[in-house]
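The block underneath contains the structure these notes are about, expressed in structure tokens.
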Amino acid sequence: MTSNMSGKVVVITGASSGIGEATARLLSAAGAYVVLGARRLDKLTALADEITAAGGKAEVVQTDVSNRQDVEALVGKAVEVFGRIDVLINNAGIMPNSRLDQPQVDDWERAIDINLKGTLYGIAAALPFMKQQKSGHVINVSSTSGHRVRPTSAVYSATKFAVRAISEGLRMEMTPYNIRSTIISPGPVDTDLPSSVTDPAVAEQVRKIHEIAISVETLAETIAFAINQPETVDINEIVVRPTAME
Ligand code: NAD
């Protein structure tokens with residue numbers, strides 16, 4: 001990969017698996033210094049050890065993104081250790097049981113706390129530093145479900161529509177500070193995300209959609225592509241779909 005990544009300080013939420021983990025691997029191999037947040041410290045530590053053994057630089061912070069102080073500590077770690085934060089990737093997310101006719105309100109609230117509030121907490125924590133630097137890039141992982149509601153996806157879609165709205169607002173407000181905002185909207189990706197859907201009928205639908213899933217490596221490449229753009233190129237959103245969905 002041709003790269004402007006060398007020495008860039010990148011904070012990634014939800015880095016213990018799936019898209020976040022693959023992105024951490026790819027960016028650190030390209031020379032970025034990564035600061036990894038997720039709840040599972042053992043998985044984060046194993047990933048950081050792997051990156052360090054390969055000659056990269058990685059820090060870990062056990063982070064529940066639905067907890068504002070945790071997110072502040074994650075971003076704070078980047079500034080404490082590396083002196084800056086160049087990129088924030090708001091990636092952590094869950095897929096709740098979204099059926100409106102069978103309300104699982106606790107599940108819905110958790111999705112709002114993680115997918116929506118977690119994204120806002122990341123932005124709130126990173127912006128003061130990025131504004132001071134007069135540079136930065138916030139990458140928010142939404143979804144094609146943030147463009148279109150399917151039957152039984154209303155709550156998940158609502159959080160992902162909201163992530164896109166936040167990213168748009170960020171882009172409008174932050175241009176004077178030279179802070180970029182990019183939305184990444186994947187279709188089905190080959191990860192454990194759907195495992196939290198417990199309704200058997202919906203789980204079966206999701207499983208079927210995921211039969212054509214794209215790889216986590218493709219998503220990591222897409223995120224790297226967005227980060228690698230020169231400052232003159234401003235990408236608002238990248239939608240990544242399997243060919244069969246187009
Ligand atoms: P995944 O389940 O493998 O990864 C999600 C990550 O978020 C995990 O590391 C998990 O531990 C972390 N996480 C969950 N709750 C958290 C919390 N409270 N605090 C901190 N970390 C938390 O799934 P993935 O597919 O890699 O998901 C990454 C992002 O991609 C999510 O935002 C998801 O909505 C989005 N997305 C995924 C797909 C897909 O088909 N897999 C499609 C579109 C969008």
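Convention: chains lettered A, B, ... in structure tokens order; per-chain residue numbering from 1; ligands numbered from 1 as shown.
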Q | Nearby polymer residues, ligand 1, at most 6 Å, only C-alpha atoms and all ligand atoms, as a PyMOL selection string | A | chain A and resi 13-20+38-39+63-66+91-94+114+141-143+186-193
Could you write those residues out with N, CA and C atoms, as a PDB file, in the first residue's frame?
ATOM      1  N   THR A  13     -11.807   2.280  17.986  1.00  0.00           N
ATOM      2  CA  THR A  13     -12.702   1.625  18.962  1.00  0.00           C
ATOM      3  C   THR A  13     -13.192   0.303  18.385  1.00  0.00           C
ATOM      4  N   GLY A  14     -13.513  -0.619  19.273  1.00  0.00           N
ATOM      5  CA  GLY A  14     -13.965  -1.942  18.824  1.00  0.00           C
ATOM      6  C   GLY A  14     -12.870  -2.667  18.075  1.00  0.00           C
ATOM      7  N   ALA A  15     -11.646  -2.568  18.620  1.00  0.00           N
ATOM      8  CA  ALA A  15     -10.480  -3.109  17.899  1.00  0.00           C
ATOM      9  C   ALA A  15     -10.192  -4.566  18.249  1.00  0.00           C
ATOM     10  N   SER A  16     -11.035  -5.186  19.075  1.00  0.00           N
ATOM     11  CA  SER A  16     -10.703  -6.548  19.512  1.00  0.00           C
ATOM     12  C   SER A  16     -11.143  -7.618  18.525  1.00  0.00           C
ATOM     13  N   SER A  17     -11.917  -7.248  17.512  1.00  0.00           N
ATOM     14  CA  SER A  17     -12.351  -8.255  16.531  1.00  0.00           C
ATOM     15  C   SER A  17     -12.777  -7.574  15.232  1.00  0.00           C
ATOM     16  N   GLY A  18     -13.112  -8.395  14.251  1.00  0.00           N
ATOM     17  CA  GLY A  18     -13.753  -7.936  13.030  1.00  0.00           C
ATOM     18  C   GLY A  18     -13.019  -6.808  12.305  1.00  0.00           C
ATOM     19  N   ILE A  19     -13.772  -5.821  11.879  1.00  0.00           N
ATOM     20  CA  ILE A  19     -13.247  -4.722  11.064  1.00  0.00           C
ATOM     21  C   ILE A  19     -12.175  -3.934  11.834  1.00  0.00           C
ATOM     22  N   GLY A  20     -12.433  -3.682  13.117  1.00  0.00           N
ATOM     23  CA  GLY A  20     -11.492  -2.900  13.920  1.00  0.00           C
ATOM     24  C   GLY A  20     -10.145  -3.597  14.039  1.00  0.00           C
ATOM     25  N   ALA A  38     -11.380  -1.488  23.341  1.00  0.00           N
ATOM     26  CA  ALA A  38     -12.508  -2.424  23.316  1.00  0.00           C
ATOM     27  C   ALA A  38     -12.664  -2.937  24.739  1.00  0.00           C
ATOM     28  N   ARG A  39     -13.697  -3.749  24.948  1.00  0.00           N
ATOM     29  CA  ARG A  39     -13.925  -4.222  26.318  1.00  0.00           C
ATOM     30  C   ARG A  39     -13.024  -5.395  26.663  1.00  0.00           C
ATOM     31  N   THR A  63     -11.907  -0.336  27.043  1.00  0.00           N
ATOM     32  CA  THR A  63     -12.859   0.750  26.780  1.00  0.00           C
ATOM     33  C   THR A  63     -14.249   0.201  26.502  1.00  0.00           C
ATOM     34  N   ASP A  64     -15.195   0.670  27.283  1.00  0.00           N
ATOM     35  CA  ASP A  64     -16.599   0.461  26.922  1.00  0.00           C
ATOM     36  C   ASP A  64     -17.059   1.801  26.341  1.00  0.00           C
ATOM     37  N   VAL A  65     -17.348   1.834  25.054  1.00  0.00           N
ATOM     38  CA  VAL A  65     -17.634   3.135  24.420  1.00  0.00           C
ATOM     39  C   VAL A  65     -18.931   3.769  24.904  1.00  0.00           C
ATOM     40  N   SER A  66     -19.757   2.976  25.611  1.00  0.00           N
ATOM     41  CA  SER A  66     -20.962   3.583  26.157  1.00  0.00           C
ATOM     42  C   SER A  66     -20.668   4.320  27.471  1.00  0.00           C
ATOM     43  N   ASN A  91     -15.577   2.805  15.421  1.00  0.00           N
ATOM     44  CA  ASN A  91     -15.943   1.555  14.761  1.00  0.00           C
ATOM     45  C   ASN A  91     -16.817   0.646  15.639  1.00  0.00           C
ATOM     46  N   ALA A  92     -16.660   0.732  16.961  1.00  0.00           N
ATOM     47  CA  ALA A  92     -17.386  -0.202  17.842  1.00  0.00           C
ATOM     48  C   ALA A  92     -18.875  -0.136  17.563  1.00  0.00           C
ATOM     49  N   GLY A  93     -19.501  -1.285  17.507  1.00  0.00           N
ATOM     50  CA  GLY A  93     -20.939  -1.295  17.272  1.00  0.00           C
ATOM     51  C   GLY A  93     -21.528  -2.658  17.539  1.00  0.00           C
ATOM     52  N   ILE A  94     -22.827  -2.676  17.766  1.00  0.00           N
ATOM     53  CA  ILE A  94     -23.549  -3.943  17.923  1.00  0.00           C
ATOM     54  C   ILE A  94     -24.796  -3.914  17.043  1.00  0.00           C
ATOM     55  N   ILE A 114     -24.152   2.333  22.509  1.00  0.00           N
ATOM     56  CA  ILE A 114     -22.866   1.954  21.899  1.00  0.00           C
ATOM     57  C   ILE A 114     -22.714   2.608  20.521  1.00  0.00           C
ATOM     58  N   VAL A 141     -17.932   4.563  11.351  1.00  0.00           N
ATOM     59  CA  VAL A 141     -18.423   3.380  10.637  1.00  0.00           C
ATOM     60  C   VAL A 141     -19.947   3.317  10.790  1.00  0.00           C
ATOM     61  N   SER A 142     -20.625   3.559   9.684  1.00  0.00           N
ATOM     62  CA  SER A 142     -22.085   3.414   9.638  1.00  0.00           C
ATOM     63  C   SER A 142     -22.386   2.071   8.984  1.00  0.00           C
ATOM     64  N   SER A 143     -23.270   2.050   7.996  1.00  0.00           N
ATOM     65  CA  SER A 143     -23.685   0.791   7.365  1.00  0.00           C
ATOM     66  C   SER A 143     -24.598   1.125   6.186  1.00  0.00           C
ATOM     67  N   PRO A 186     -20.501  -0.011   5.203  1.00  0.00           N
ATOM     68  CA  PRO A 186     -20.399  -1.342   4.602  1.00  0.00           C
ATOM     69  C   PRO A 186     -21.757  -2.019   4.450  1.00  0.00           C
ATOM     70  N   GLY A 187     -21.846  -2.873   3.433  1.00  0.00           N
ATOM     71  CA  GLY A 187     -22.887  -3.897   3.388  1.00  0.00           C
ATOM     72  C   GLY A 187     -22.424  -5.040   4.274  1.00  0.00           C
ATOM     73  N   PRO A 188     -22.912  -6.261   4.071  1.00  0.00           N
ATOM     74  CA  PRO A 188     -22.519  -7.370   4.954  1.00  0.00           C
ATOM     75  C   PRO A 188     -21.016  -7.660   4.909  1.00  0.00           C
ATOM     76  N   VAL A 189     -20.422  -7.749   6.092  1.00  0.00           N
ATOM     77  CA  VAL A 189     -18.993  -8.044   6.223  1.00  0.00           C
ATOM     78  C   VAL A 189     -18.867  -9.319   7.062  1.00  0.00           C
ATOM     79  N   ASP A 190     -17.857 -10.092   6.752  1.00  0.00           N
ATOM     80  CA  ASP A 190     -17.690 -11.404   7.376  1.00  0.00           C
ATOM     81  C   ASP A 190     -17.131 -11.264   8.800  1.00  0.00           C
ATOM     82  N   THR A 191     -18.010 -10.946   9.754  1.00  0.00           N
ATOM     83  CA  THR A 191     -17.596 -10.806  11.162  1.00  0.00           C
ATOM     84  C   THR A 191     -18.659 -11.452  12.063  1.00  0.00           C
ATOM     85  N   ASP A 192     -18.410 -11.352  13.393  1.00  0.00           N
ATOM     86  CA  ASP A 192     -19.349 -11.927  14.365  1.00  0.00           C
ATOM     87  C   ASP A 192     -20.511 -10.994  14.691  1.00  0.00           C
ATOM     88  N   LEU A 193     -20.579  -9.853  14.032  1.00  0.00           N
ATOM     89  CA  LEU A 193     -21.594  -8.851  14.403  1.00  0.00           C
ATOM     90  C   LEU A 193     -23.004  -9.430  14.534  1.00  0.00           C
TER      91      LEU A 193
END
Q. Among segment 9-137 of chain A, which ones does DSSP place in helix (DSSP H, G or I), written as a PyMOL selection string?
A. chain A and resi 18-29+41-53+68-82+105-133
Would you mind exporting C-alpha atoms of the selected residues as a PDB file, in the first residue's frame?
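Just written: result16.pdb:
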ATOM      1  CA  GLY A  18     -13.753  -7.936  13.030  1.00  0.00           C
ATOM      2  CA  ILE A  19     -13.247  -4.722  11.064  1.00  0.00           C
ATOM      3  CA  GLY A  20     -11.492  -2.900  13.920  1.00  0.00           C
ATOM      4  CA  GLU A  21      -8.943  -5.672  14.438  1.00  0.00           C
ATOM      5  CA  ALA A  22      -8.186  -5.995  10.706  1.00  0.00           C
ATOM      6  CA  THR A  23      -7.845  -2.223  10.393  1.00  0.00           C
ATOM      7  CA  ALA A  24      -5.442  -2.070  13.335  1.00  0.00           C
ATOM      8  CA  ARG A  25      -3.277  -4.744  11.707  1.00  0.00           C
ATOM      9  CA  LEU A  26      -3.244  -3.079   8.308  1.00  0.00           C
ATOM     10  CA  LEU A  27      -2.626   0.475   9.518  1.00  0.00           C
ATOM     11  CA  SER A  28       0.157  -0.535  11.882  1.00  0.00           C
ATOM     12  CA  ALA A  29       1.817  -2.568   9.131  1.00  0.00           C
ATOM     13  CA  LEU A  41      -8.478  -6.543  27.289  1.00  0.00           C
ATOM     14  CA  ASP A  42      -7.008 -10.021  26.673  1.00  0.00           C
ATOM     15  CA  LYS A  43      -7.806  -9.816  22.956  1.00  0.00           C
ATOM     16  CA  LEU A  44      -6.524  -6.238  22.686  1.00  0.00           C
ATOM     17  CA  THR A  45      -3.301  -7.140  24.463  1.00  0.00           C
ATOM     18  CA  ALA A  46      -2.730 -10.142  22.198  1.00  0.00           C
ATOM     19  CA  LEU A  47      -3.212  -7.917  19.139  1.00  0.00           C
ATOM     20  CA  ALA A  48      -0.908  -5.221  20.516  1.00  0.00           C
ATOM     21  CA  ASP A  49       1.757  -7.857  21.260  1.00  0.00           C
ATOM     22  CA  GLU A  50       1.499  -9.134  17.693  1.00  0.00           C
ATOM     23  CA  ILE A  51       1.853  -5.599  16.310  1.00  0.00           C
ATOM     24  CA  THR A  52       4.812  -4.836  18.581  1.00  0.00           C
ATOM     25  CA  ALA A  53       6.519  -8.116  17.623  1.00  0.00           C
ATOM     26  CA  ARG A  68     -17.836   8.546  28.380  1.00  0.00           C
ATOM     27  CA  GLN A  69     -14.899   8.440  30.810  1.00  0.00           C
ATOM     28  CA  ASP A  70     -13.579   5.270  29.142  1.00  0.00           C
ATOM     29  CA  VAL A  71     -13.602   6.966  25.746  1.00  0.00           C
ATOM     30  CA  GLU A  72     -11.871  10.041  27.150  1.00  0.00           C
ATOM     31  CA  ALA A  73      -9.193   7.768  28.648  1.00  0.00           C
ATOM     32  CA  LEU A  74      -8.694   6.052  25.267  1.00  0.00           C
ATOM     33  CA  VAL A  75      -8.193   9.307  23.390  1.00  0.00           C
ATOM     34  CA  GLY A  76      -6.143  10.666  26.302  1.00  0.00           C
ATOM     35  CA  LYS A  77      -3.792   7.687  25.995  1.00  0.00           C
ATOM     36  CA  ALA A  78      -2.977   8.609  22.402  1.00  0.00           C
ATOM     37  CA  VAL A  79      -2.100  12.169  23.381  1.00  0.00           C
ATOM     38  CA  GLU A  80      -0.208  11.100  26.494  1.00  0.00           C
ATOM     39  CA  VAL A  81       1.966   8.524  24.699  1.00  0.00           C
ATOM     40  CA  PHE A  82       2.286   9.949  21.172  1.00  0.00           C
ATOM     41  CA  VAL A 105     -36.101  -2.295  24.869  1.00  0.00           C
ATOM     42  CA  ASP A 106     -32.940  -3.058  26.868  1.00  0.00           C
ATOM     43  CA  ASP A 107     -31.302  -4.265  23.672  1.00  0.00           C
ATOM     44  CA  TRP A 108     -32.390  -1.133  21.810  1.00  0.00           C
ATOM     45  CA  GLU A 109     -30.992   1.103  24.538  1.00  0.00           C
ATOM     46  CA  ARG A 110     -27.683  -0.738  24.471  1.00  0.00           C
ATOM     47  CA  ALA A 111     -27.447  -0.200  20.697  1.00  0.00           C
ATOM     48  CA  ILE A 112     -28.167   3.497  21.121  1.00  0.00           C
ATOM     49  CA  ASP A 113     -25.583   3.723  23.916  1.00  0.00           C
ATOM     50  CA  ILE A 114     -22.866   1.954  21.899  1.00  0.00           C
ATOM     51  CA  ASN A 115     -23.532   2.842  18.260  1.00  0.00           C
ATOM     52  CA  LEU A 116     -24.777   6.377  18.751  1.00  0.00           C
ATOM     53  CA  LYS A 117     -23.592   7.725  22.086  1.00  0.00           C
ATOM     54  CA  GLY A 118     -20.259   5.915  21.726  1.00  0.00           C
ATOM     55  CA  THR A 119     -19.660   7.757  18.460  1.00  0.00           C
ATOM     56  CA  LEU A 120     -20.536  11.081  20.053  1.00  0.00           C
ATOM     57  CA  TYR A 121     -18.275  10.401  23.033  1.00  0.00           C
ATOM     58  CA  GLY A 122     -15.381   9.687  20.662  1.00  0.00           C
ATOM     59  CA  ILE A 123     -15.947  12.939  18.805  1.00  0.00           C
ATOM     60  CA  ALA A 124     -16.321  14.931  22.027  1.00  0.00           C
ATOM     61  CA  ALA A 125     -13.073  13.486  23.374  1.00  0.00           C
ATOM     62  CA  ALA A 126     -11.006  13.922  20.198  1.00  0.00           C
ATOM     63  CA  LEU A 127     -12.140  17.320  18.913  1.00  0.00           C
ATOM     64  CA  PRO A 128     -10.446  19.542  21.510  1.00  0.00           C
ATOM     65  CA  PHE A 129      -7.075  18.004  20.576  1.00  0.00           C
ATOM     66  CA  MET A 130      -7.750  18.034  16.832  1.00  0.00           C
ATOM     67  CA  LYS A 131      -8.909  21.661  16.966  1.00  0.00           C
ATOM     68  CA  GLN A 132      -5.747  22.614  18.806  1.00  0.00           C
ATOM     69  CA  GLN A 133      -3.640  20.753  16.212  1.00  0.00           C
TER      70      GLN A 133
END
(Q) Ranking A:Arg150, A:Lys160, A:Arg241, A:Arg84 by minimum distance to Leu219 of chain A and counting only C-alpha atoms, which one comes first? (A)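 Closest candidate: A:Arg241.
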Q: Taking the DSSP assignment computed from this structure's backbone, write out as a count of residues only all residues of segment 13-130 of chain A that belong to strand (DSSP E or B).
A: 17
Extract, using only C-alpha atoms, all DNA, RNA and protein residues at most 12 Å from segment 221-234 of chain A, discarding same-chain residues fewer than 6 positions from it, and format them as a PDB file with N, CA and C atoms, in the first residue's frame.
ATOM      1  N   MET A   1       0.840  -1.195   0.000  1.00  0.00           N
ATOM      2  CA  MET A   1       0.000   0.000   0.000  1.00  0.00           C
ATOM      3  C   MET A   1       0.886   1.260   0.000  1.00  0.00           C
ATOM      4  N   THR A   2       0.674   2.159  -0.973  1.00  0.00           N
ATOM      5  CA  THR A   2       1.356   3.445  -0.909  1.00  0.00           C
ATOM      6  C   THR A   2       0.749   4.199   0.262  1.00  0.00           C
ATOM      7  N   SER A   3       1.561   4.934   1.031  1.00  0.00           N
ATOM      8  CA  SER A   3       1.021   5.347   2.312  1.00  0.00           C
ATOM      9  C   SER A   3       1.523   6.682   2.817  1.00  0.00           C
ATOM     10  N   ASN A   4       0.567   7.466   3.341  1.00  0.00           N
ATOM     11  CA  ASN A   4       0.898   8.642   4.131  1.00  0.00           C
ATOM     12  C   ASN A   4       0.747   8.308   5.601  1.00  0.00           C
ATOM     13  N   MET A   5       0.815   7.035   5.913  1.00  0.00           N
ATOM     14  CA  MET A   5       0.403   6.560   7.228  1.00  0.00           C
ATOM     15  C   MET A   5       1.524   6.632   8.263  1.00  0.00           C
ATOM     16  N   SER A   6       2.760   6.748   7.811  1.00  0.00           N
ATOM     17  CA  SER A   6       3.898   6.602   8.690  1.00  0.00           C
ATOM     18  C   SER A   6       3.828   7.574   9.874  1.00  0.00           C
ATOM     19  N   LYS A   8       1.440   8.215  11.820  1.00  0.00           N
ATOM     20  CA  LYS A   8       0.108   8.760  12.139  1.00  0.00           C
ATOM     21  C   LYS A   8      -0.417   8.078  13.396  1.00  0.00           C
ATOM     22  N   VAL A   9      -1.034   8.850  14.269  1.00  0.00           N
ATOM     23  CA  VAL A   9      -1.580   8.292  15.507  1.00  0.00           C
ATOM     24  C   VAL A   9      -3.077   8.051  15.302  1.00  0.00           C
ATOM     25  N   VAL A  10      -3.448   6.770  15.357  1.00  0.00           N
ATOM     26  CA  VAL A  10      -4.815   6.367  15.016  1.00  0.00           C
ATOM     27  C   VAL A  10      -5.471   5.666  16.197  1.00  0.00           C
ATOM     28  N   ILE A  12      -8.624   3.504  17.514  1.00  0.00           N
ATOM     29  CA  ILE A  12      -9.650   2.638  16.921  1.00  0.00           C
ATOM     30  C   ILE A  12     -10.511   2.057  18.035  1.00  0.00           C
ATOM     31  N   ILE A  19     -13.772  -5.821  11.879  1.00  0.00           N
ATOM     32  CA  ILE A  19     -13.247  -4.722  11.064  1.00  0.00           C
ATOM     33  C   ILE A  19     -12.175  -3.934  11.834  1.00  0.00           C
ATOM     34  N   GLY A  20     -12.433  -3.682  13.117  1.00  0.00           N
ATOM     35  CA  GLY A  20     -11.492  -2.900  13.920  1.00  0.00           C
ATOM     36  C   GLY A  20     -10.145  -3.597  14.039  1.00  0.00           C
ATOM     37  N   ALA A  22      -8.858  -5.948  12.019  1.00  0.00           N
ATOM     38  CA  ALA A  22      -8.186  -5.995  10.706  1.00  0.00           C
ATOM     39  C   ALA A  22      -7.603  -4.634  10.343  1.00  0.00           C
ATOM     40  N   THR A  23      -8.322  -3.579  10.702  1.00  0.00           N
ATOM     41  CA  THR A  23      -7.845  -2.223  10.393  1.00  0.00           C
ATOM     42  C   THR A  23      -6.604  -1.902  11.223  1.00  0.00           C
ATOM     43  N   ALA A  24      -6.612  -2.297  12.483  1.00  0.00           N
ATOM     44  CA  ALA A  24      -5.442  -2.070  13.335  1.00  0.00           C
ATOM     45  C   ALA A  24      -4.210  -2.755  12.742  1.00  0.00           C
ATOM     46  N   ARG A  25      -4.391  -3.983  12.304  1.00  0.00           N
ATOM     47  CA  ARG A  25      -3.277  -4.744  11.707  1.00  0.00           C
ATOM     48  C   ARG A  25      -2.744  -4.043  10.468  1.00  0.00           C
ATOM     49  N   LEU A  26      -3.659  -3.669   9.588  1.00  0.00           N
ATOM     50  CA  LEU A  26      -3.244  -3.079   8.308  1.00  0.00           C
ATOM     51  C   LEU A  26      -2.564  -1.719   8.515  1.00  0.00           C
ATOM     52  N   LEU A  27      -3.174  -0.876   9.337  1.00  0.00           N
ATOM     53  CA  LEU A  27      -2.626   0.475   9.518  1.00  0.00           C
ATOM     54  C   LEU A  27      -1.270   0.420  10.218  1.00  0.00           C
ATOM     55  N   SER A  28      -1.139  -0.472  11.189  1.00  0.00           N
ATOM     56  CA  SER A  28       0.157  -0.535  11.882  1.00  0.00           C
ATOM     57  C   SER A  28       1.223  -1.107  10.956  1.00  0.00           C
ATOM     58  N   ALA A  29       0.837  -2.043  10.098  1.00  0.00           N
ATOM     59  CA  ALA A  29       1.817  -2.568   9.131  1.00  0.00           C
ATOM     60  C   ALA A  29       2.266  -1.471   8.163  1.00  0.00           C
ATOM     61  N   ALA A  30       1.397  -0.470   7.967  1.00  0.00           N
ATOM     62  CA  ALA A  30       1.743   0.648   7.078  1.00  0.00           C
ATOM     63  C   ALA A  30       2.452   1.779   7.821  1.00  0.00           C
ATOM     64  N   GLY A  31       2.717   1.586   9.123  1.00  0.00           N
ATOM     65  CA  GLY A  31       3.529   2.562   9.857  1.00  0.00           C
ATOM     66  C   GLY A  31       2.773   3.430  10.838  1.00  0.00           C
ATOM     67  N   ALA A  32       1.454   3.240  10.942  1.00  0.00           N
ATOM     68  CA  ALA A  32       0.688   4.043  11.906  1.00  0.00           C
ATOM     69  C   ALA A  32       0.952   3.551  13.323  1.00  0.00           C
ATOM     70  N   ASP A  86      -4.223  11.838  15.267  1.00  0.00           N
ATOM     71  CA  ASP A  86      -4.451  12.201  13.867  1.00  0.00           C
ATOM     72  C   ASP A  86      -5.773  11.670  13.333  1.00  0.00           C
ATOM     73  N   VAL A  87      -6.108  10.443  13.748  1.00  0.00           N
ATOM     74  CA  VAL A  87      -7.318   9.811  13.208  1.00  0.00           C
ATOM     75  C   VAL A  87      -8.069   9.124  14.354  1.00  0.00           C
ATOM     76  N   LEU A  88      -9.369   9.343  14.386  1.00  0.00           N
ATOM     77  CA  LEU A  88     -10.241   8.586  15.295  1.00  0.00           C
ATOM     78  C   LEU A  88     -11.164   7.727  14.437  1.00  0.00           C
ATOM     79  N   ILE A  89     -11.140   6.417  14.675  1.00  0.00           N
ATOM     80  CA  ILE A  89     -12.062   5.526  13.957  1.00  0.00           C
ATOM     81  C   ILE A  89     -13.121   5.044  14.935  1.00  0.00           C
ATOM     82  N   ASN A  90     -14.310   5.618  14.831  1.00  0.00           N
ATOM     83  CA  ASN A  90     -15.450   5.194  15.653  1.00  0.00           C
ATOM     84  C   ASN A  90     -16.060   3.966  15.003  1.00  0.00           C
ATOM     85  N   ASN A  91     -15.577   2.805  15.421  1.00  0.00           N
ATOM     86  CA  ASN A  91     -15.943   1.555  14.761  1.00  0.00           C
ATOM     87  C   ASN A  91     -16.817   0.646  15.639  1.00  0.00           C
ATOM     88  N   SER A 135      -5.766  19.962  12.762  1.00  0.00           N
ATOM     89  CA  SER A 135      -5.771  18.832  11.831  1.00  0.00           C
ATOM     90  C   SER A 135      -6.386  17.627  12.523  1.00  0.00           C
ATOM     91  N   GLY A 136      -6.912  16.738  11.718  1.00  0.00           N
ATOM     92  CA  GLY A 136      -7.483  15.504  12.259  1.00  0.00           C
ATOM     93  C   GLY A 136      -8.462  14.913  11.275  1.00  0.00           C
ATOM     94  N   HIS A 137      -8.816  13.665  11.525  1.00  0.00           N
ATOM     95  CA  HIS A 137      -9.721  12.956  10.624  1.00  0.00           C
ATOM     96  C   HIS A 137     -10.569  12.015  11.485  1.00  0.00           C
ATOM     97  N   VAL A 138     -11.870  12.184  11.423  1.00  0.00           N
ATOM     98  CA  VAL A 138     -12.778  11.288  12.154  1.00  0.00           C
ATOM     99  C   VAL A 138     -13.450  10.378  11.135  1.00  0.00           C
ATOM    100  N   ILE A 139     -13.311   9.078  11.361  1.00  0.00           N
ATOM    101  CA  ILE A 139     -13.938   8.095  10.482  1.00  0.00           C
ATOM    102  C   ILE A 139     -15.018   7.385  11.284  1.00  0.00           C
ATOM    103  N   ASN A 140     -16.247   7.509  10.826  1.00  0.00           N
ATOM    104  CA  ASN A 140     -17.369   6.894  11.540  1.00  0.00           C
ATOM    105  C   ASN A 140     -17.899   5.721  10.730  1.00  0.00           C
ATOM    106  N   VAL A 141     -17.932   4.563  11.351  1.00  0.00           N
ATOM    107  CA  VAL A 141     -18.423   3.380  10.637  1.00  0.00           C
ATOM    108  C   VAL A 141     -19.947   3.317  10.790  1.00  0.00           C
ATOM    109  N   ARG A 171     -18.564  17.382   9.568  1.00  0.00           N
ATOM    110  CA  ARG A 171     -17.891  17.904   8.374  1.00  0.00           C
ATOM    111  C   ARG A 171     -18.204  19.387   8.202  1.00  0.00           C
ATOM    112  N   THR A 175     -14.710  22.090   9.064  1.00  0.00           N
ATOM    113  CA  THR A 175     -13.878  22.502   7.926  1.00  0.00           C
ATOM    114  C   THR A 175     -12.903  23.623   8.300  1.00  0.00           C
ATOM    115  N   ASN A 178      -9.676  22.376   9.616  1.00  0.00           N
ATOM    116  CA  ASN A 178      -8.915  21.390   8.843  1.00  0.00           C
ATOM    117  C   ASN A 178      -9.100  19.970   9.396  1.00  0.00           C
ATOM    118  N   ILE A 179     -10.299  19.726   9.923  1.00  0.00           N
ATOM    119  CA  ILE A 179     -10.609  18.379  10.442  1.00  0.00           C
ATOM    120  C   ILE A 179     -11.576  17.712   9.469  1.00  0.00           C
ATOM    121  N   ARG A 180     -11.203  16.544   9.023  1.00  0.00           N
ATOM    122  CA  ARG A 180     -12.025  15.835   8.035  1.00  0.00           C
ATOM    123  C   ARG A 180     -12.962  14.827   8.705  1.00  0.00           C
ATOM    124  N   SER A 181     -14.014  14.507   7.989  1.00  0.00           N
ATOM    125  CA  SER A 181     -14.991  13.542   8.503  1.00  0.00           C
ATOM    126  C   SER A 181     -15.395  12.628   7.356  1.00  0.00           C
ATOM    127  N   THR A 182     -15.230  11.328   7.564  1.00  0.00           N
ATOM    128  CA  THR A 182     -15.586  10.366   6.508  1.00  0.00           C
ATOM    129  C   THR A 182     -16.480   9.277   7.088  1.00  0.00           C
ATOM    130  N   ILE A 183     -17.521   8.973   6.345  1.00  0.00           N
ATOM    131  CA  ILE A 183     -18.428   7.881   6.742  1.00  0.00           C
ATOM    132  C   ILE A 183     -18.033   6.646   5.937  1.00  0.00           C
ATOM    133  N   ILE A 184     -17.920   5.521   6.624  1.00  0.00           N
ATOM    134  CA  ILE A 184     -17.730   4.244   5.928  1.00  0.00           C
ATOM    135  C   ILE A 184     -19.021   3.441   6.120  1.00  0.00           C
ATOM    136  N   SER A 185     -19.655   3.094   5.025  1.00  0.00           N
ATOM    137  CA  SER A 185     -20.941   2.377   5.103  1.00  0.00           C
ATOM    138  C   SER A 185     -20.832   1.014   4.424  1.00  0.00           C
ATOM    139  N   PRO A 186     -20.501  -0.011   5.203  1.00  0.00           N
ATOM    140  CA  PRO A 186     -20.399  -1.342   4.602  1.00  0.00           C
ATOM    141  C   PRO A 186     -21.757  -2.019   4.450  1.00  0.00           C
ATOM    142  N   ILE A 214     -18.518  -9.379   2.414  1.00  0.00           N
ATOM    143  CA  ILE A 214     -17.162  -9.037   1.999  1.00  0.00           C
ATOM    144  C   ILE A 214     -16.197  -9.239   3.177  1.00  0.00           C
ATOM    145  N   SER A 215     -14.911  -9.239   2.875  1.00  0.00           N
ATOM    146  CA  SER A 215     -13.940  -9.593   3.916  1.00  0.00           C
ATOM    147  C   SER A 215     -13.585  -8.376   4.782  1.00  0.00           C
ATOM    148  N   VAL A 240     -19.411   0.405   0.785  1.00  0.00           N
ATOM    149  CA  VAL A 240     -18.725  -0.805   0.315  1.00  0.00           C
ATOM    150  C   VAL A 240     -19.725  -1.956   0.321  1.00  0.00           C
ATOM    151  N   ARG A 241     -20.095  -2.385  -0.863  1.00  0.00           N
ATOM    152  CA  ARG A 241     -21.120  -3.443  -0.970  1.00  0.00           C
ATOM    153  C   ARG A 241     -20.590  -4.606  -1.783  1.00  0.00           C
TER     154      ARG A 241
END
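The gap separating atom CA of Gln104 of chain A from atom CA of Ser196 of chain A is 12.4 Å, in Å to one decimal.
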**Q.** Residues near Ser153 of chain A, cut-off 9 Å, only C-alpha atoms, skip fewer than 2 positions along chain, as a VMD selection string
**A.** chain A and resid 95 to 100 145 149 to 151 155 to 158
Q) In Å, with one decimal, what is the gap from atom CA of Gly169 of chain A to atom CA of Asn67 of chain A? A)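 Distance between the two atoms: 22.5 Å.
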